[in-house]
There are 2 protein chains.
Amino acid sequence: MSAALGSWQQGEVQTVSEFLESLRKVVGDSNVVIGDAIHLDYTHDEAMTAAPITPLAVIFPSSTSDVVEIMRSASEAHLPVVARGSGTGLSGGCLPVADGIVLAFDRMNAIREIDVDNQVAVVEPGVTLEQLNAALVEKGLTYPVSPGEPTASLGGNVATNAGGMRAIRYGVTRQHVLGLEVVLADGTVMRTGGKYVKSSSGYDLTQLLIGSEGTLAVTTEVIVKVEPLQAEAATILAPFATLAEVSKAVPHIVGSGIQPSILEYIDLLAMGGITSSAGLDLGIPDEVKSRALAYLVVVLEGSNESRVQEDVERLATLLSDLGALDVYVLPSTAGGQLIAARERAFFVAKASGADDIVDAVIPRAAIPDYLAEVADLAGAFGALVTGCGHVGDGNVHLSIFQPDAERRHSLIAAIFGSAIRFGGAISGEHGIGTEKLDYFLDTQDATSLRLMRSIKHVFDPEGILGPNRLLGMTGEKS
Amino acid sequence: MSAALGSWQQGEVQTVSEFLESLRKVVGDSNVVIGDAIHLDYTHDEAMTAAPITPLAVIFPSSTSDVVEIMRSASEAHLPVVARGSGTGLSGGCLPVADGIVLAFDRMNAIREIDVDNQVAVVEPGVTLEQLNAALVEKGLTYPVSPGEPTASLGGNVATNAGGMRAIRYGVTRQHVLGLEVVLADGTVMRTGGKYVKSSSGYDLTQLLIGSEGTLAVTTEVIVKVEPLQAEAATILAPFATLAEVSKAVPHIVGSGIQPSILEYIDLLAMGGITSSAGLDLGIPDEVKSRALAYLVVVLEGSNESRVQEDVERLATLLSDLGALDVYVLPSTAGGQLIAARERAFFVAKASGADDIVDAVIPRAAIPDYLAEVADLAGAFGALVTGCGHVGDGNVHLSIFQPDAERRHSLIAAIFGSAIRFGGAISGEHGIGTEKLDYFLDTQDATSLRLMRSIKHVFDPEGILGPNRLLGMTGEKS
C-alpha cells in the first residue's frame with residue numbers, strides 16, 4: 001500500500017473492512033460498493049490515456065451529513081478520497097486511486113431551488129447540466145455554461161472550472177458560481193459566497209475552490225447564477241482558404257461589438273470527421289469545399305428576431321470582407337445539428353483513433369502563429385494533429401495522432417511549451433488531473449507551485465483529497 | 001514599537017535610519033519621504049472613521065525591481081509595509097501603520113500596453129481609471145469597471161475588488177483582471193494568468209489575490225480585459241411612491257432581458273443631497289416630487305441608436321407597469337450630470353455630516369425587506385440612515401448619521417448582522433480594511449477565517465504586509 005495509508009494502523013478504525021462497515025452504517029449497505037461489484041464506469045473518466053483503476057470502494061452519499069461522516073472516517077483512517085460527478089472529465093481528475101475510496105455523487109442530484117427573482121439556482125453536486133436546464137427552461141431561464149457534455153455534473157464543472165463553446169459570451173464556470181457548500185478533509189462543513197454577484201469581504205474562497213479539481217474540499221452544494229433564455233438564434237458557417245485567415249478574422253469579430261454566443265474554428269480534417277460521423281450535409285458546394293481548409297462557426301442569439309437578423313447581415317458582410325470564401329446562414333435544424341456534432345468532436349476524434357487531446361489556451365491574437373508552430377511540430381514528430389476550438393477565447397482543442405507514447409509525450413510537451421511561450425497556459429478548461437500532471441509540473445514556475453502546494457496543505461494537511469493529481473502531491477504526511 | 005518590529009535588531013539592517021538609507025540607494029533620496037515632509041494625503045484614505053497615521057516613511061518605487069529591493073529590505077528588517085494607490089478607498093485599506101512604511105505607487109503609472117486584438121490593457125498599479133480610459137477611448141475601447149472615483153488606481157481596484165455602478169452589466173474588477181505581476185513579502189516576483197480569458201491550470205492565484213487588500217502580495221502589474229466602447233446611451237429616471245416599489249421592480253427589470261449598464265436606487269434624502277449639491281434640476285414637476293419617496297435610475301447603452309431607443313420604450317412601459325409615478329428620459333447632458341452627481345454621493349453624504357457609510361450586499365430580491373429592517377434599526381438607534389446603491393447587484397450604500405460612536409457601532413453591527421441573516425455579506429465593494437474589521441471578525445465563520453489566516457501565513461509568514469486589516473493579523477511572529 002502507498003504512503004497515503006502509512007498511518008492506517010494508528011487511527012481508531014483498525015482495518016479496511018471495519019472502515020467500510022462504519023460507512024455502511026452511514027449510507028446503507030447498497031451504497032458501499034466494493035470489488036467486482038464496482039461498475040467499470042467508476043474506474044475511469046473520459047481521459048484517453050488513463051488506464052482504469054479499481055478503488056477500494058465506491059461510496060454513494062445522499063446528503064451533506066453523509067459526506068461529513070465519510071470524510072471524518074476517511075480522515076481518521078488517513079484514506080485517500082477521490083470525488084466523482086458524472087465522470088465526463090478529460091484529464092483524469094476523478095480517476096480513482098487503488099488504495100482509496102471514490103465518493104460518487106450520483107444520489108446527490110436534487111435541484112434544491114430555482115430562485116427566479118435572484119436569477120439563481122441552488123443544486124446538489126450530482127445535478128447534470130441537462131437536468132438543470134430542463135428545470136430552468138420552464139421559467140424562461142438557462143445556465144449558459146455549456147462544456148459540450150450535457151450529462152456532466154455541476155460538481156464536476158466546479159472542480160475543473162468547465163468552459164465550452166458559449167464561454168465567449170457568457171464566461172466559464174468561474175463566472176457563474178456565486179457560492180459553495182463544501183466539506184473539508186476533516187469533515188468540517190464550510191459555506192462560501194451566497195446569492196449575490198459581488199463581495200469584498202475577505203479572500204474569495206469560492207474562486208479558490210473552483211478549478212481545484214477536488215484537491216481542496218468536497219463540494220456538496222453549488223449556487224449558480226442563471227440567465228434569461230434567448231429565444232432567437234442563428235448559425236453562420238464561413239469556409240476560409242486557410243486556417244490563418246480564420247484565426248485572423250477573430251479579433252475583428254470580437255472587436256465589432258457583435259456578441260457571438262459561439263465562435264468556433266474547425267479545421268478541414270476535424271470538419272470532415274464531425275460532419276461525416278453525424279451524417280450531416282451542410283449544403284456547401286464542392287467547388288467551395290475543395291478550396292476550404294478551415295471553417296468558422298458563429299452562433300448569434302438574442303431575444304428579438306429582427307436584431308438577430310440585423311446582426312447576421314452585419315456579420316456576413318464582415319466575414320466576406322475578412323476573406324471568407326462564402327457565408328452560409330444555416331437553417332435552424334442544420335445549425336443545431338452542426339453545433340451538436342461539434343460538441344461530439346472529442347468522441348469523433350476518439351473513434352478516429354486519436355491518441356490524446358489537449359486544450360491549450362493562448363492570447364486569441366496569437367492563434368495563427370501558434371497553430372503554424374503546432375503544424376511544424378506535428379511534422380517534426382511525424383504526427384497528425386487536427387483541431388477545432390473556442391477560437392474567440394484562444395482555447396484550441398487538438399487531437400494528437402501519434403501512437404508511440406514517448407514521441408507523443410515529447411510532441412505534447414513541445415505543444416504546451418509553445419503555448420506557454422506565446423503567453424498561454426496548458427489547459428483552458430479540461431484541467432490537469434492525472435493525465436496532464438507531468439506537463440504542468442514541468443512548466444509551472446516554482447513560486448506559484450510552492451504557494452499552491454502550501455494552500456493545499458492548509459486545506460488538507462493529511463493530503464487525502466485527490467492525491468497524485470493537479471499538484472502531484474502524494475498524500476504523504478509532511 | 002509594536003510586536004511587528006520585534007525582530008528589528010536581529011536583521012542585517014541595524015536601525016531605521018540605516019534601513020531608510022538602503023532604500024534611498026534603491027529609489028533615490030527624493031523618493032524616501034519621512035517625518036514632516038510626508039504629505040497629509042499619505043496618512044489616510046477616504047474612510048470617514050479613521051484618524052490619520054503618519055508612517056515611518058513613504059517610499060515611491062519606479063519599477064518592479066525597486067519593489068523587489070524594498071520588500072527584501074523590509075522583510076529582513078521585519079518592517080510592516082502598506083501598499084497605496086490613489087488613497088481613494090473607503091475602509092482604511094491603505095491606512096499607514098506608525099511603525100511601518102507606505103509603498104506609494106504614484107510613480108508606477110505607465111500604461112505598458114494596449115493590445116487591441118486581444119482586447120487587453122497592461123498597466124502599472126498607479127495608473128488611474130481616468131488615465132486608462134483616456135488612452136482606451138482613442139482605440140474605441142473602454143475599461144467598464146467604474147467604482148465612482150475616476151482618480152482611483154488600478155492597483156487599488158485590484159486590492160479591494162472595486163465594483164461600482166456599471167457592475168450590473170459588466171461585472172466587477174474580479175471579472176476583468178486576467179493576470180497580475182506581484183512581489184511577495186520576501187521580494188520574490190510572481191506572475192499569474194495572462195492575456196487569456198480562461199484557464200484550468202492549477203489554483204487561480206489571480207482570483208485569490210484580487211480583493212486581498214494588500215495582505216498577500218504587492219501588485220506591480222495588472223492585465224485587464226477591456227471592452228468595445230458603446231456609442232449610444234440613454235438615462236431613464238423613474239420616481240416611485242415607496243422605496244419598496246423600487247426594490248420590487250428590480251428583479252423584473254433584470255429578468256426582462258434588457259441589459260442595463262446602470263441600475264441604481266436613490267432614496268428621497270440622498271436624491272435631495274445629490275441634486276442640490278450638484279445644482280441639478282431634473283425637471284420633475286413638484287406634484288410628482290411631492291409623492292416620490294425613492295427613485296430608480298437606469299442607463300441603457302448600445303452601439304446602435306435605434307436599439308437603445310427601442311429598449312428605452314420597452315423599459316418605460318415596464319416601469320409604468322411596475323408602478324412608477326412617471327418615467328423621464330433625461331437629455332444626455334442632464335443624464336450625464338445625474339450619474340456624475342450620483343458618483344459623488346459619498347462626498348455629499350460626508351459634507352452633510354454623515355458619520356459613516358456601509359455598503360452591505362444581499363440577494364437582490366431581499367432588498368425591500370432588508371431596507372425595511374434597516375429603517376426599523378435606524379429608528380431604534382435614534383439615527384438617520386439614507387441610502388442609494390447598486391440595487392441590481394443587491395449592493396446598498398447607506399449613510400449613517402449618528403454622532404455617538406458607541407451607538408453608531410451597535411447600529412452598524414445590527415445592519416451588518418441583518419445583511420448576513422438575509423444571506424449577504426458585509427461589503428459588496430468597499431472592502432474590510434481597518435474600519436470594518438471588528439464587524440467582519442464578529443460575523444465571519446470560524447472555519448473560513450482560519451483558512452484565510454492560514455493562506456495569509458503561506459504568502460506572508462512574517463505578517464509584514466498590511467497588518468491589522470482585513471483579517472486582523474498583527475504581524476506578530478507565529
# chains A, B, ... in the order shown; residues from 1 in each chain; ligands from 1
>>> residues_around(residues="B:Val116", least_positions_apart="4", cutoff="9 Å", atoms="only C-alpha atoms", output="ChimeraX atom specification")
/A:251,255 /B:120-121,139,141,226
>>> residues_around(residues="stretch 450-456 of chain A", least_positions_apart="6", cutoff="10 Å", atoms="only C-alpha atoms", output="list of chain:residue names")
A:Leu208, A:Ser212, A:Thr215, A:Leu216, A:Ala217, A:Gln444, A:Glu462, A:Gly463, A:Leu465, A:Leu470, A:Leu471, A:Gly472, A:Met473, B:Gly202, B:Tyr203, B:Asp204, B:Leu205, B:Leu451, B:Met452, B:Ser454, B:Ile455, B:Lys456, B:His457, B:Val458, B:Phe459
>>> select_by_dssp(residues="stretch 67-315 of chain A", states="helix (DSSP H, G or I)", output="MDAnalysis selection string")
chainID A and resid 67:77 129:137 154:160 167:170 173:175 205:209 243:255 268:278 286:291 305:315
>>> residues_around(residues="A:Gly164", least_positions_apart="2", cutoff="7 Å", atoms="only C-alpha atoms", output="mmCIF file with N, CA, C and O atoms, in the first residue's frame")
data_model
loop_
_atom_site.group_PDB
_atom_site.id
_atom_site.type_symbol
_atom_site.label_atom_id
_atom_site.label_comp_id
_atom_site.auth_asym_id
_atom_site.auth_seq_id
_atom_site.Cartn_x
_atom_site.Cartn_y
_atom_site.Cartn_z
ATOM 1 N N VAL A 145 -23.377 27.994 -19.281
ATOM 2 C CA VAL A 145 -22.080 27.329 -19.424
ATOM 3 C C VAL A 145 -22.321 25.948 -20.037
ATOM 4 O O VAL A 145 -23.095 25.162 -19.512
ATOM 5 N N SER A 146 -21.670 25.689 -21.139
ATOM 6 C CA SER A 146 -22.013 24.514 -21.932
ATOM 7 C C SER A 146 -20.763 23.779 -22.398
ATOM 8 O O SER A 146 -20.313 23.928 -23.521
ATOM 9 N N PRO A 147 -20.181 22.974 -21.505
ATOM 10 C CA PRO A 147 -18.906 22.321 -21.836
ATOM 11 C C PRO A 147 -19.019 21.173 -22.845
ATOM 12 O O PRO A 147 -18.059 20.445 -23.019
ATOM 13 N N GLY A 148 -20.150 21.037 -23.483
ATOM 14 C CA GLY A 148 -20.214 20.080 -24.584
ATOM 15 C C GLY A 148 -20.705 18.711 -24.189
ATOM 16 O O GLY A 148 -20.913 17.858 -25.049
ATOM 17 N N ALA A 162 -15.192 24.227 -15.724
ATOM 18 C CA ALA A 162 -15.569 23.862 -17.087
ATOM 19 C C ALA A 162 -15.944 25.099 -17.912
ATOM 20 O O ALA A 162 -16.466 26.074 -17.385
ATOM 21 N N ARG A 166 -19.921 28.314 -25.299
ATOM 22 C CA ARG A 166 -20.626 29.560 -25.053
ATOM 23 C C ARG A 166 -19.862 30.525 -24.137
ATOM 24 O O ARG A 166 -20.364 31.602 -23.775
ATOM 25 N N ALA A 167 -18.627 30.161 -23.784
ATOM 26 C CA ALA A 167 -17.850 31.000 -22.874
ATOM 27 C C ALA A 167 -17.514 32.353 -23.486
ATOM 28 O O ALA A 167 -17.352 33.337 -22.764
#
>>> residues_around(residues="A:Glu232", least_positions_apart="6", cutoff="10 Å", atoms="only C-alpha atoms", output="number ranges by chain")
A: 300-309
>>> select_by_dssp(residues="stretch 18-217 of chain A", states="strand (DSSP E)", output="PyMOL selection string")
chain A and resi 32-34+57-59+81-84+101-104+111-115+120-123+141-142+177-183+189-193
>>> residues_around(residues="A:Asp115", least_positions_apart="3", cutoff="12 Å", atoms="only C-alpha atoms", output="MDAnalysis selection string")
(chainID A and resid 111:112 118:123 135:136 139 141 195 223:227) or (chainID B and resid 251 255 363:366)
